[in-house]
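J.: Starting off with a structure, shown below.
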There are 2 protein chains.
Amino acid sequence: MSALSPLTPRQATVFNLLKTLKQEVSAQTLYAELRGHQQCLGLATVYRALKHLQLQGIVQTRSLPNGELVYSPVSEDRHYVTCVKCGTSVPLEHCPVNEPLLPKAITPRFKIFYHTLEFFGLCSPCLEQETVA
Amino acid sequence: MSALSPLTPRQATVFNLLKTLKQEVSAQTLYAELRGHQQCLGLATVYRALKHLQLQGIVQTRSLPNGELVYSPVSEDRHYVTCVKCGTSVPLEHCPVNEPLLPKAITPRFKIFYHTLEFFGLCSPCLEQETVA
DNA sequence: TTGCAGAATGATAATCATTATCTTAATTTA
DNA sequence: TAAATTAAGATAATGATTATCATTCTGCAA
């Protein structure tokens, strides 16, 4: 959980805001949010900070159906059910992967920071639209 | 596994190529591959076909660290360990989620097609680079 | 303290996968 | 057959992300 290398003030700013927000957010949203807090960072700096925080293993990311990447602290072991049509994303309350059973061949070659588990399908309204149409 | 609505010839072409290829591929790669096989589809058609196949629940997608989306038939219950730095992606041999235990509140509201389970971290070479540097 | 080297930052241009638009062709239906 | 609907092709537009480059900051040695 501790960082491999120290954070710069800007990187810490981004990390702190991420911890404050109770939901995963995109880089663009972070950028806008920071402006709202009178803490104007360059857009490139936000992306660089997120990249750095990922390399430290303290920030994770997943991609929404529209391709946008959203970020959150790794501490949140939260997973989602997502509709492939409308993009509705509902969080799961518990993680079905308590003890990640990684093959012996993988473990020594990777230092695992986090995992993402996501279910995809159709939500009820979208399923009706598809079958009726 | 059966489609909710019939496939057009072009959609079937895309689906068949996906089943032929033994690995997940991007839409751009599919487009180029089809040209190589003298079956020239418009790029937009490839994207539309993939979208349609997703809605049918017979094609799944996941996003690479660079944001690119890659597609594969849903039958493959394959998952990956990915390095957040260099993007190296190694498949797992077995799925650690045999029986997806979805909360009662989710099940009736979603028809699940597939799930993605991915582990992220640093591969050994990248981990060394980070700690040394 | 001063000067230098390397990293961080900001601003903005460039990239590139994806989507939207619009026209034409194919398919279905009455 | 003709009209209506859907699919497909070509290409412009979008928009998130990355690259570039000039500037500023930081740490350290003299």
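Simple scheme: letters A, B, ... for chains in structure tokens order, numbers from 1 for residues in each chain, numbers from 1 for ligands in the order shown.
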As a CSV table (one decimal) with N, CA and C atoms, in the first residue's frame, please: chain A after a least-squares superposition onto chain B using all C-alpha atoms matched in order.
T.:
```
chain,number,residue,atom,x,y,z
A,1,MET,N,-26.6,-18.5,-25.6
A,1,MET,CA,-25.5,-18.6,-26.6
A,1,MET,C,-26.1,-18.2,-28.0
A,2,SER,N,-27.4,-18.6,-28.2
A,2,SER,CA,-28.0,-18.3,-29.5
A,2,SER,C,-28.4,-16.8,-29.6
A,3,ALA,N,-28.4,-16.3,-30.8
A,3,ALA,CA,-28.6,-14.9,-31.0
A,3,ALA,C,-30.1,-14.5,-30.8
A,4,LEU,N,-30.3,-13.3,-30.3
A,4,LEU,CA,-31.6,-12.8,-30.0
A,4,LEU,C,-32.3,-12.5,-31.3
A,5,SER,N,-31.5,-12.1,-32.3
A,5,SER,CA,-32.0,-11.7,-33.6
A,5,SER,C,-31.0,-12.2,-34.7
A,6,PRO,N,-31.5,-12.5,-35.9
A,6,PRO,CA,-30.6,-13.1,-36.9
A,6,PRO,C,-29.5,-12.1,-37.3
A,7,LEU,N,-28.4,-12.7,-37.8
A,7,LEU,CA,-27.2,-11.9,-38.2
A,7,LEU,C,-27.3,-11.7,-39.7
A,8,THR,N,-26.9,-10.5,-40.1
A,8,THR,CA,-26.7,-10.2,-41.5
A,8,THR,C,-25.5,-10.9,-42.0
A,9,PRO,N,-25.3,-11.0,-43.3
A,9,PRO,CA,-24.1,-11.6,-43.9
A,9,PRO,C,-22.8,-11.0,-43.4
A,10,ARG,N,-22.8,-9.6,-43.3
A,10,ARG,CA,-21.6,-9.0,-42.9
A,10,ARG,C,-21.3,-9.2,-41.4
A,11,GLN,N,-22.4,-9.2,-40.6
A,11,GLN,CA,-22.2,-9.5,-39.2
A,11,GLN,C,-21.7,-10.9,-39.0
A,12,ALA,N,-22.2,-11.8,-39.8
A,12,ALA,CA,-21.8,-13.2,-39.7
A,12,ALA,C,-20.3,-13.3,-40.1
A,13,THR,N,-19.9,-12.6,-41.1
A,13,THR,CA,-18.5,-12.6,-41.6
A,13,THR,C,-17.6,-12.2,-40.4
A,14,VAL,N,-18.0,-11.1,-39.7
A,14,VAL,CA,-17.2,-10.6,-38.6
A,14,VAL,C,-17.1,-11.7,-37.5
A,15,PHE,N,-18.3,-12.2,-37.2
A,15,PHE,CA,-18.4,-13.2,-36.2
A,15,PHE,C,-17.5,-14.5,-36.5
A,16,ASN,N,-17.6,-14.9,-37.7
A,16,ASN,CA,-16.8,-16.1,-38.1
A,16,ASN,C,-15.3,-15.9,-38.0
A,17,LEU,N,-14.9,-14.7,-38.5
A,17,LEU,CA,-13.5,-14.4,-38.4
A,17,LEU,C,-13.0,-14.4,-36.9
A,18,LEU,N,-13.9,-13.8,-36.1
A,18,LEU,CA,-13.6,-13.8,-34.6
A,18,LEU,C,-13.4,-15.2,-34.1
A,19,LYS,N,-14.3,-16.1,-34.5
A,19,LYS,CA,-14.2,-17.5,-34.0
A,19,LYS,C,-13.0,-18.2,-34.6
A,20,THR,N,-12.6,-17.8,-35.8
A,20,THR,CA,-11.4,-18.4,-36.4
A,20,THR,C,-10.1,-18.0,-35.7
A,21,LEU,N,-10.0,-16.7,-35.5
A,21,LEU,CA,-8.8,-16.2,-34.8
A,21,LEU,C,-8.7,-16.8,-33.4
A,22,LYS,N,-7.6,-17.2,-33.0
A,22,LYS,CA,-7.5,-17.8,-31.7
A,22,LYS,C,-7.2,-16.8,-30.6
A,23,GLN,N,-7.2,-15.6,-30.9
A,23,GLN,CA,-6.9,-14.6,-29.9
A,23,GLN,C,-7.8,-13.4,-30.0
A,24,GLU,N,-7.9,-12.6,-29.0
A,24,GLU,CA,-8.8,-11.4,-29.0
A,24,GLU,C,-8.1,-10.4,-29.9
A,25,VAL,N,-8.9,-9.7,-30.6
A,25,VAL,CA,-8.4,-8.7,-31.6
A,25,VAL,C,-9.2,-7.4,-31.5
A,26,SER,N,-8.5,-6.3,-32.0
A,26,SER,CA,-9.2,-5.0,-32.0
A,26,SER,C,-10.0,-4.9,-33.2
A,27,ALA,N,-10.9,-3.9,-33.3
A,27,ALA,CA,-11.7,-3.6,-34.4
A,27,ALA,C,-10.9,-3.3,-35.6
A,28,GLN,N,-9.9,-2.5,-35.4
A,28,GLN,CA,-9.0,-2.1,-36.4
A,28,GLN,C,-8.3,-3.3,-37.1
A,29,THR,N,-7.8,-4.2,-36.2
A,29,THR,CA,-7.2,-5.4,-36.7
A,29,THR,C,-8.1,-6.2,-37.5
A,30,LEU,N,-9.3,-6.4,-37.0
A,30,LEU,CA,-10.4,-7.1,-37.8
A,30,LEU,C,-10.6,-6.5,-39.2
A,31,TYR,N,-10.6,-5.2,-39.2
A,31,TYR,CA,-10.8,-4.5,-40.4
A,31,TYR,C,-9.7,-4.8,-41.4
A,32,ALA,N,-8.5,-4.7,-40.9
A,32,ALA,CA,-7.3,-5.0,-41.8
A,32,ALA,C,-7.3,-6.5,-42.2
A,33,GLU,N,-7.6,-7.4,-41.3
A,33,GLU,CA,-7.6,-8.8,-41.5
A,33,GLU,C,-8.6,-9.2,-42.6
A,34,LEU,N,-9.8,-8.5,-42.6
A,34,LEU,CA,-10.8,-8.8,-43.6
A,34,LEU,C,-10.3,-8.4,-45.0
A,35,ARG,N,-9.6,-7.2,-45.0
A,35,ARG,CA,-9.1,-6.8,-46.3
A,35,ARG,C,-8.1,-7.8,-46.9
A,36,GLY,N,-7.4,-8.4,-46.0
A,36,GLY,CA,-6.4,-9.4,-46.4
A,36,GLY,C,-7.1,-10.6,-47.0
A,37,HIS,N,-8.3,-10.9,-46.5
A,37,HIS,CA,-9.1,-12.0,-47.0
A,37,HIS,C,-10.0,-11.6,-48.2
A,38,GLN,N,-9.7,-10.5,-48.8
A,38,GLN,CA,-10.5,-10.1,-49.9
A,38,GLN,C,-12.0,-9.8,-49.6
A,39,GLN,N,-12.2,-9.7,-48.3
A,39,GLN,CA,-13.6,-9.4,-47.9
A,39,GLN,C,-13.6,-8.1,-47.3
A,40,CYS,N,-13.8,-7.1,-48.1
A,40,CYS,CA,-13.7,-5.7,-47.7
A,40,CYS,C,-15.0,-5.2,-47.1
A,41,LEU,N,-15.0,-5.0,-45.8
A,41,LEU,CA,-16.1,-4.3,-45.2
A,41,LEU,C,-15.7,-2.9,-44.8
A,42,GLY,N,-16.6,-2.0,-44.7
A,42,GLY,CA,-16.3,-0.7,-44.3
A,42,GLY,C,-16.0,-0.7,-42.8
A,43,LEU,N,-15.1,0.2,-42.4
A,43,LEU,CA,-14.7,0.3,-41.0
A,43,LEU,C,-15.9,0.4,-40.1
A,44,ALA,N,-16.8,1.3,-40.5
A,44,ALA,CA,-18.0,1.6,-39.7
A,44,ALA,C,-18.8,0.3,-39.5
A,45,THR,N,-18.9,-0.5,-40.6
A,45,THR,CA,-19.6,-1.7,-40.6
A,45,THR,C,-19.0,-2.7,-39.6
A,46,VAL,N,-17.7,-2.7,-39.5
A,46,VAL,CA,-17.1,-3.6,-38.5
A,46,VAL,C,-17.4,-3.2,-37.1
A,47,TYR,N,-17.4,-1.9,-36.8
A,47,TYR,CA,-17.8,-1.4,-35.5
A,47,TYR,C,-19.2,-1.7,-35.2
A,48,ARG,N,-20.1,-1.5,-36.2
A,48,ARG,CA,-21.5,-1.8,-36.0
A,48,ARG,C,-21.8,-3.2,-35.8
A,49,ALA,N,-21.1,-4.1,-36.5
A,49,ALA,CA,-21.3,-5.5,-36.3
A,49,ALA,C,-20.8,-6.0,-34.9
A,50,LEU,N,-19.7,-5.4,-34.5
A,50,LEU,CA,-19.2,-5.8,-33.2
A,50,LEU,C,-20.2,-5.4,-32.1
A,51,LYS,N,-20.7,-4.2,-32.3
A,51,LYS,CA,-21.7,-3.7,-31.3
A,51,LYS,C,-23.0,-4.6,-31.3
A,52,HIS,N,-23.4,-5.0,-32.5
A,52,HIS,CA,-24.6,-5.8,-32.6
A,52,HIS,C,-24.3,-7.2,-31.9
A,53,LEU,N,-23.1,-7.7,-32.2
A,53,LEU,CA,-22.8,-9.0,-31.7
A,53,LEU,C,-22.7,-9.0,-30.1
A,54,GLN,N,-22.3,-7.8,-29.6
A,54,GLN,CA,-22.2,-7.6,-28.2
A,54,GLN,C,-23.6,-7.7,-27.6
A,55,LEU,N,-24.5,-7.0,-28.3
A,55,LEU,CA,-25.9,-6.9,-27.8
A,55,LEU,C,-26.6,-8.3,-27.8
A,56,GLN,N,-26.1,-9.1,-28.7
A,56,GLN,CA,-26.6,-10.5,-28.8
A,56,GLN,C,-26.0,-11.4,-27.7
A,57,GLY,N,-25.0,-10.9,-27.1
A,57,GLY,CA,-24.4,-11.7,-26.0
A,57,GLY,C,-23.4,-12.7,-26.5
A,58,ILE,N,-23.0,-12.6,-27.7
A,58,ILE,CA,-22.1,-13.7,-28.3
A,58,ILE,C,-20.7,-13.2,-28.5
A,59,VAL,N,-20.4,-11.9,-28.3
A,59,VAL,CA,-19.1,-11.4,-28.4
A,59,VAL,C,-18.8,-10.5,-27.1
A,60,GLN,N,-17.6,-10.6,-26.6
A,60,GLN,CA,-17.3,-9.9,-25.4
A,60,GLN,C,-16.1,-9.0,-25.7
A,61,THR,N,-15.8,-8.0,-24.8
A,61,THR,CA,-14.7,-7.1,-25.1
A,61,THR,C,-14.1,-6.7,-23.7
A,62,ARG,N,-12.8,-6.4,-23.9
A,62,ARG,CA,-12.1,-5.8,-22.7
A,62,ARG,C,-11.2,-4.8,-23.3
A,63,SER,N,-10.7,-3.9,-22.4
A,63,SER,CA,-9.9,-2.8,-22.9
A,63,SER,C,-8.4,-3.0,-22.4
A,64,LEU,N,-7.5,-2.8,-23.4
A,64,LEU,CA,-6.1,-2.9,-23.0
A,64,LEU,C,-5.7,-1.6,-22.3
A,65,PRO,N,-4.5,-1.6,-21.7
A,65,PRO,CA,-4.0,-0.4,-20.9
A,65,PRO,C,-4.0,0.8,-21.8
A,66,ASN,N,-3.8,0.7,-23.1
A,66,ASN,CA,-3.7,1.8,-24.0
A,66,ASN,C,-5.1,2.3,-24.4
A,67,GLY,N,-6.1,1.7,-23.8
A,67,GLY,CA,-7.5,2.2,-24.1
A,67,GLY,C,-8.1,1.5,-25.3
A,68,GLU,N,-7.3,0.7,-26.0
A,68,GLU,CA,-7.9,0.0,-27.2
A,68,GLU,C,-8.8,-1.1,-26.7
A,69,LEU,N,-9.9,-1.3,-27.4
A,69,LEU,CA,-10.8,-2.4,-27.1
A,69,LEU,C,-10.5,-3.6,-27.9
A,70,VAL,N,-10.5,-4.8,-27.3
A,70,VAL,CA,-10.3,-6.0,-28.1
A,70,VAL,C,-11.5,-7.0,-27.8
A,71,TYR,N,-11.8,-7.7,-28.9
A,71,TYR,CA,-13.0,-8.5,-28.9
A,71,TYR,C,-12.7,-10.0,-29.1
A,72,SER,N,-13.6,-10.8,-28.6
A,72,SER,CA,-13.5,-12.3,-28.7
A,72,SER,C,-14.9,-12.9,-28.5
A,73,PRO,N,-15.1,-14.1,-29.0
A,73,PRO,CA,-16.3,-14.8,-28.7
A,73,PRO,C,-16.5,-15.0,-27.2
A,74,VAL,N,-17.7,-15.0,-26.7
A,74,VAL,CA,-17.9,-15.1,-25.2
A,74,VAL,C,-17.5,-16.5,-24.7
A,75,SER,N,-17.5,-17.5,-25.6
A,75,SER,CA,-17.2,-18.8,-25.1
A,75,SER,C,-15.9,-19.0,-24.3
A,76,GLU,N,-15.0,-18.2,-24.7
A,76,GLU,CA,-13.7,-18.2,-24.1
A,76,GLU,C,-13.7,-17.6,-22.7
A,77,ASP,N,-13.6,-18.4,-21.7
A,77,ASP,CA,-13.6,-17.9,-20.3
A,77,ASP,C,-12.2,-17.7,-19.9
A,78,ARG,N,-11.6,-16.7,-20.5
A,78,ARG,CA,-10.2,-16.4,-20.3
A,78,ARG,C,-9.9,-15.1,-19.7
A,79,HIS,N,-9.0,-15.1,-18.7
A,79,HIS,CA,-8.7,-13.9,-18.0
A,79,HIS,C,-7.2,-13.6,-18.0
A,80,TYR,N,-6.8,-12.4,-17.6
A,80,TYR,CA,-5.4,-12.0,-17.8
A,80,TYR,C,-4.8,-11.3,-16.6
A,81,VAL,N,-3.5,-11.4,-16.6
A,81,VAL,CA,-2.7,-10.6,-15.6
A,81,VAL,C,-1.9,-9.6,-16.5
A,82,THR,N,-2.1,-8.3,-16.1
A,82,THR,CA,-1.6,-7.2,-17.0
A,82,THR,C,-0.6,-6.3,-16.2
A,83,CYS,N,0.5,-6.0,-16.8
A,83,CYS,CA,1.4,-5.0,-16.2
A,83,CYS,C,1.0,-3.6,-16.5
A,84,VAL,N,0.8,-2.8,-15.5
A,84,VAL,CA,0.3,-1.4,-15.7
A,84,VAL,C,1.3,-0.5,-16.3
A,85,LYS,N,2.6,-1.0,-16.4
A,85,LYS,CA,3.6,-0.2,-17.0
A,85,LYS,C,3.8,-0.5,-18.4
A,86,CYS,N,4.2,-1.7,-18.7
A,86,CYS,CA,4.5,-2.0,-20.1
A,86,CYS,C,3.4,-2.6,-20.9
A,87,GLY,N,2.3,-3.0,-20.1
A,87,GLY,CA,1.1,-3.5,-20.8
A,87,GLY,C,1.1,-5.0,-21.1
A,88,THR,N,2.2,-5.7,-20.7
A,88,THR,CA,2.3,-7.1,-21.0
A,88,THR,C,1.1,-7.8,-20.4
A,89,SER,N,0.4,-8.7,-21.2
A,89,SER,CA,-0.8,-9.3,-20.7
A,89,SER,C,-0.6,-10.8,-20.8
A,90,VAL,N,-0.7,-11.5,-19.7
A,90,VAL,CA,-0.6,-13.0,-19.7
A,90,VAL,C,-1.9,-13.6,-19.3
A,91,PRO,N,-2.4,-14.6,-20.1
A,91,PRO,CA,-3.6,-15.2,-19.8
A,91,PRO,C,-3.5,-16.2,-18.7
A,92,LEU,N,-4.6,-16.4,-17.9
A,92,LEU,CA,-4.7,-17.4,-16.9
A,92,LEU,C,-5.2,-18.7,-17.5
A,93,GLU,N,-4.8,-19.8,-16.9
A,93,GLU,CA,-5.3,-21.0,-17.4
A,93,GLU,C,-6.7,-21.4,-17.0
A,94,HIS,N,-7.0,-21.0,-15.7
A,94,HIS,CA,-8.3,-21.3,-15.2
A,94,HIS,C,-8.9,-20.1,-14.6
A,95,CYS,N,-10.3,-20.1,-14.7
A,95,CYS,CA,-11.0,-18.9,-14.2
A,95,CYS,C,-11.3,-19.1,-12.7
A,96,PRO,N,-10.8,-18.2,-11.9
A,96,PRO,CA,-11.0,-18.3,-10.4
A,96,PRO,C,-12.5,-18.0,-10.0
A,97,VAL,N,-13.3,-17.6,-10.9
A,97,VAL,CA,-14.7,-17.4,-10.6
A,97,VAL,C,-15.6,-18.4,-11.3
A,98,ASN,N,-15.7,-19.6,-10.6
A,98,ASN,CA,-16.4,-20.7,-11.2
A,98,ASN,C,-17.9,-20.4,-11.1
A,99,GLU,N,-18.4,-20.1,-9.9
A,99,GLU,CA,-19.8,-19.8,-9.8
A,99,GLU,C,-20.0,-18.4,-9.3
A,100,PRO,N,-20.3,-17.5,-10.3
A,100,PRO,CA,-20.4,-16.1,-10.0
A,100,PRO,C,-21.6,-15.9,-9.0
A,101,LEU,N,-21.2,-15.5,-7.7
A,101,LEU,CA,-22.2,-15.3,-6.7
A,101,LEU,C,-22.7,-13.8,-6.7
A,102,LEU,N,-23.7,-13.6,-7.6
A,102,LEU,CA,-24.2,-12.2,-7.7
A,102,LEU,C,-25.3,-12.1,-6.6
A,103,PRO,N,-25.3,-10.9,-6.0
A,103,PRO,CA,-26.3,-10.6,-5.0
A,103,PRO,C,-27.7,-10.7,-5.6
A,104,LYS,N,-28.7,-11.1,-4.8
A,104,LYS,CA,-30.0,-11.3,-5.2
A,104,LYS,C,-30.6,-10.0,-5.9
A,105,ALA,N,-30.1,-8.9,-5.4
A,105,ALA,CA,-30.6,-7.6,-5.9
A,105,ALA,C,-30.2,-7.4,-7.4
A,106,ILE,N,-29.1,-8.0,-7.8
A,106,ILE,CA,-28.6,-7.8,-9.1
A,106,ILE,C,-29.3,-8.7,-10.1
A,107,THR,N,-29.3,-10.0,-9.8
A,107,THR,CA,-29.7,-11.0,-10.7
A,107,THR,C,-31.0,-10.8,-11.5
A,108,PRO,N,-32.1,-10.4,-10.9
A,108,PRO,CA,-33.3,-10.2,-11.7
A,108,PRO,C,-33.3,-9.0,-12.6
A,109,ARG,N,-32.3,-8.1,-12.3
A,109,ARG,CA,-32.3,-6.8,-13.1
A,109,ARG,C,-31.3,-6.9,-14.3
A,110,PHE,N,-30.5,-7.9,-14.3
A,110,PHE,CA,-29.5,-8.1,-15.4
A,110,PHE,C,-29.5,-9.5,-16.0
A,111,LYS,N,-29.5,-9.6,-17.3
A,111,LYS,CA,-29.2,-10.9,-17.9
A,111,LYS,C,-27.7,-10.9,-18.2
A,112,ILE,N,-26.9,-11.7,-17.5
A,112,ILE,CA,-25.5,-11.7,-17.6
A,112,ILE,C,-25.0,-12.5,-18.8
A,113,PHE,N,-24.2,-11.9,-19.6
A,113,PHE,CA,-23.6,-12.6,-20.8
A,113,PHE,C,-22.2,-13.2,-20.5
A,114,TYR,N,-21.4,-12.4,-19.8
A,114,TYR,CA,-20.1,-12.8,-19.5
A,114,TYR,C,-19.5,-12.0,-18.4
A,115,HIS,N,-18.3,-12.4,-18.0
A,115,HIS,CA,-17.6,-11.5,-17.0
A,115,HIS,C,-16.1,-11.4,-17.4
A,116,THR,N,-15.5,-10.3,-16.9
A,116,THR,CA,-14.1,-10.2,-17.1
A,116,THR,C,-13.5,-10.1,-15.7
A,117,LEU,N,-12.4,-10.8,-15.6
A,117,LEU,CA,-11.6,-10.8,-14.3
A,117,LEU,C,-10.2,-10.6,-14.7
A,118,GLU,N,-9.6,-9.5,-14.2
A,118,GLU,CA,-8.3,-9.1,-14.6
A,118,GLU,C,-7.5,-8.7,-13.4
A,119,PHE,N,-6.2,-9.1,-13.4
A,119,PHE,CA,-5.3,-8.7,-12.4
A,119,PHE,C,-4.3,-7.8,-12.9
A,120,PHE,N,-4.0,-6.7,-12.1
A,120,PHE,CA,-3.1,-5.7,-12.6
A,120,PHE,C,-1.9,-5.5,-11.6
A,121,GLY,N,-0.8,-5.3,-12.1
A,121,GLY,CA,0.4,-5.0,-11.2
A,121,GLY,C,1.6,-4.7,-12.1
A,122,LEU,N,2.8,-5.1,-11.6
A,122,LEU,CA,4.0,-4.9,-12.3
A,122,LEU,C,4.6,-6.3,-12.6
A,123,CYS,N,5.1,-6.4,-13.8
A,123,CYS,CA,5.9,-7.6,-14.1
A,123,CYS,C,7.3,-7.4,-13.6
A,124,SER,N,8.0,-8.5,-13.4
A,124,SER,CA,9.3,-8.4,-12.7
A,124,SER,C,10.2,-7.4,-13.3
A,125,PRO,N,10.4,-7.3,-14.6
A,125,PRO,CA,11.4,-6.3,-15.1
A,125,PRO,C,10.9,-4.9,-14.8
A,126,CYS,N,9.6,-4.6,-14.9
A,126,CYS,CA,9.1,-3.3,-14.7
A,126,CYS,C,9.2,-3.0,-13.2
A,127,LEU,N,9.0,-3.9,-12.3
A,127,LEU,CA,9.1,-3.7,-10.9
A,127,LEU,C,10.5,-3.3,-10.5
A,128,GLU,N,11.5,-4.0,-11.1
A,128,GLU,CA,12.9,-3.6,-10.9
A,128,GLU,C,13.2,-2.2,-11.3
A,129,GLN,N,12.7,-1.8,-12.5
A,129,GLN,CA,13.0,-0.5,-13.0
A,129,GLN,C,12.4,0.6,-12.0
A,130,GLU,N,11.2,0.3,-11.4
A,130,GLU,CA,10.6,1.2,-10.5
A,130,GLU,C,11.3,1.4,-9.2
A,131,THR,N,11.7,0.3,-8.7
A,131,THR,CA,12.4,0.3,-7.3
A,131,THR,C,13.8,0.9,-7.4
A,132,VAL,N,14.5,0.5,-8.5
A,132,VAL,CA,15.9,1.0,-8.7
A,132,VAL,C,15.9,2.5,-9.0
A,133,ALA,N,15.0,2.9,-9.9
A,133,ALA,CA,15.0,4.3,-10.4
A,133,ALA,C,14.6,5.3,-9.3
```
J.: Got a sec to tell me which of chain A DSSP assigns to strand (DSSP E), as a PyMOL selection string?
T.: chain A and resi 25-26+59-63+69-73+80-83+89-91+110-123
J.: Write the residues of the preceding selection, restricted to C-alpha atoms, as an mmCIF file, in the first residue's frame.
T.:
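Written out: selection-v2.cif:
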```
data_model
loop_
_atom_site.group_PDB
_atom_site.id
_atom_site.type_symbol
_atom_site.label_atom_id
_atom_site.label_comp_id
_atom_site.auth_asym_id
_atom_site.auth_seq_id
_atom_site.Cartn_x
_atom_site.Cartn_y
_atom_site.Cartn_z
ATOM 1 C CA VAL A 25 -13.862 9.454 -11.671
ATOM 2 C CA SER A 26 -12.311 10.159 -15.043
ATOM 3 C CA VAL A 59 -4.558 3.890 -7.795
ATOM 4 C CA GLN A 60 -6.529 1.575 -10.033
ATOM 5 C CA THR A 61 -8.492 2.070 -13.196
ATOM 6 C CA ARG A 62 -11.198 0.464 -15.239
ATOM 7 C CA SER A 63 -12.751 1.468 -18.532
ATOM 8 C CA LEU A 69 -11.020 5.382 -18.085
ATOM 9 C CA VAL A 70 -12.092 5.991 -14.489
ATOM 10 C CA TYR A 71 -9.790 5.986 -11.487
ATOM 11 C CA SER A 72 -10.081 5.195 -7.789
ATOM 12 C CA PRO A 73 -7.845 4.288 -4.838
ATOM 13 C CA TYR A 80 -19.641 -3.821 -11.182
ATOM 14 C CA VAL A 81 -22.406 -5.187 -13.315
ATOM 15 C CA THR A 82 -22.623 -3.237 -16.543
ATOM 16 C CA CYS A 83 -25.198 -3.134 -19.321
ATOM 17 C CA SER A 89 -23.137 0.293 -14.035
ATOM 18 C CA VAL A 90 -24.241 -1.149 -10.713
ATOM 19 C CA PRO A 91 -21.680 -1.910 -7.972
ATOM 20 C CA PHE A 110 4.021 -10.297 -11.328
ATOM 21 C CA LYS A 111 3.550 -8.153 -8.278
ATOM 22 C CA ILE A 112 -0.238 -7.843 -8.129
ATOM 23 C CA PHE A 113 -1.676 -4.484 -7.087
ATOM 24 C CA TYR A 114 -5.383 -5.054 -7.622
ATOM 25 C CA HIS A 115 -7.912 -6.908 -9.713
ATOM 26 C CA THR A 116 -11.041 -5.957 -11.578
ATOM 27 C CA LEU A 117 -14.037 -8.236 -11.822
ATOM 28 C CA GLU A 118 -16.889 -7.084 -13.967
ATOM 29 C CA PHE A 119 -20.088 -8.649 -15.207
ATOM 30 C CA PHE A 120 -21.609 -7.612 -18.512
ATOM 31 C CA GLY A 121 -25.038 -8.169 -19.929
ATOM 32 C CA LEU A 122 -28.320 -6.393 -20.495
ATOM 33 C CA CYS A 123 -30.347 -4.610 -17.870
#
```
J.: Counting only C-alpha atoms (C1' of nucleotides), give me one row per residue of chain C with an atom at most 10 Å from an atom of chain A, showing the shortest contact pair and its distance in Å to one decimal, sorted by chain then residue number, as a tab-separated table.
T.:
```
residue	atom	partner	partner_atom	distance
C:DA8	C1'	A:Thr8	CA	8.3
C:DT9	C1'	A:Thr45	CA	6.6
C:DG10	C1'	A:Gly42	CA	5.5
C:DA11	C1'	A:Gly42	CA	7.8
C:DA17	C1'	A:Gly67	CA	9.3
C:DT18	C1'	A:Gly67	CA	8.6
```
J.: Go ahead and write the selection's residues with C-alpha atoms (C1' of nucleotides) as an mmCIF file, in the first residue's frame.
T.:
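Now in again.cif:
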```
data_model
loop_
_atom_site.group_PDB
_atom_site.id
_atom_site.type_symbol
_atom_site.label_atom_id
_atom_site.label_comp_id
_atom_site.auth_asym_id
_atom_site.auth_seq_id
_atom_site.Cartn_x
_atom_site.Cartn_y
_atom_site.Cartn_z
ATOM 1 C "C1'" DA C 8 8.110 18.203 -12.827
ATOM 2 C "C1'" DT C 9 4.804 21.222 -14.769
ATOM 3 C "C1'" DG C 10 1.939 23.862 -18.109
ATOM 4 C "C1'" DA C 11 0.222 24.814 -22.529
ATOM 5 C "C1'" DA C 17 -9.738 4.699 -31.886
ATOM 6 C "C1'" DT C 18 -14.420 5.351 -32.059
#
```
J.: Extract the full set of alpha helix (DSSP H) residues from region 22-127 of chain A according to DSSP on the backbone, and format it as number ranges by chain.
T.: A: 27-36, 43-55, 124-127
J.: Can you tell me how far C1' of DT23 (chain C) sits from C1' of DA10 (chain D), in Å to one decimal?
T.: 9.0 Å
J.: Give the residues of chain D that lie within 10 Å of chain B; count only C-alpha atoms (C1' of nucleotides), and format the answer as a short mmCIF file (atom, residue, chain, number, x, y, z; two decimals) with N, CA and C atoms (P, O5', C5', C4', C3', O3' and C1' of nucleotides), in the first residue's frame.
T.:
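Result file follows (result31.cif):
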```
data_model
loop_
_atom_site.label_atom_id
_atom_site.label_comp_id
_atom_site.auth_asym_id
_atom_site.auth_seq_id
_atom_site.Cartn_x
_atom_site.Cartn_y
_atom_site.Cartn_z
P DA D 7 -30.43 -3.56 -39.53
"O5'" DA D 7 -29.45 -3.55 -40.78
"C5'" DA D 7 -29.65 -4.51 -41.82
"C4'" DA D 7 -28.58 -4.36 -42.88
"C3'" DA D 7 -27.16 -4.21 -42.35
"O3'" DA D 7 -26.30 -4.98 -43.17
"C1'" DA D 7 -27.70 -2.32 -43.67
P DA D 8 -24.73 -5.12 -42.83
"O5'" DA D 8 -24.09 -4.06 -43.82
"C5'" DA D 8 -24.34 -4.19 -45.22
"C4'" DA D 8 -23.69 -3.04 -45.97
"C3'" DA D 8 -22.24 -2.75 -45.55
"O3'" DA D 8 -21.42 -2.77 -46.70
"C1'" DA D 8 -23.54 -0.75 -45.56
P DG D 9 -19.82 -2.74 -46.55
"O5'" DG D 9 -19.44 -1.35 -47.20
"C5'" DG D 9 -20.22 -0.87 -48.29
"C4'" DG D 9 -19.77 0.53 -48.68
"C3'" DG D 9 -18.35 0.89 -48.28
"O3'" DG D 9 -17.74 1.57 -49.37
"C1'" DG D 9 -19.88 2.45 -47.31
P DA D 10 -16.20 1.94 -49.32
"O5'" DA D 10 -16.24 3.51 -49.06
"C5'" DA D 10 -17.13 4.33 -49.82
"C4'" DA D 10 -17.06 5.76 -49.32
"C3'" DA D 10 -15.67 6.20 -48.86
"O3'" DA D 10 -15.35 7.44 -49.45
"C1'" DA D 10 -17.26 6.57 -47.14
P DA D 16 -13.72 13.73 -23.47
"O5'" DA D 16 -12.79 12.62 -22.81
"C5'" DA D 16 -13.08 11.25 -23.08
"C4'" DA D 16 -11.81 10.51 -23.40
"C3'" DA D 16 -10.70 10.67 -22.36
"O3'" DA D 16 -10.16 9.40 -22.07
"C1'" DA D 16 -9.88 11.24 -24.52
P DT D 17 -9.12 9.24 -20.84
"O5'" DT D 17 -7.71 9.29 -21.56
"C5'" DT D 17 -7.40 8.28 -22.53
"C4'" DT D 17 -6.17 8.65 -23.30
"C3'" DT D 17 -4.90 8.88 -22.47
"O3'" DT D 17 -3.98 7.86 -22.82
"C1'" DT D 17 -5.14 10.49 -24.20
#
```
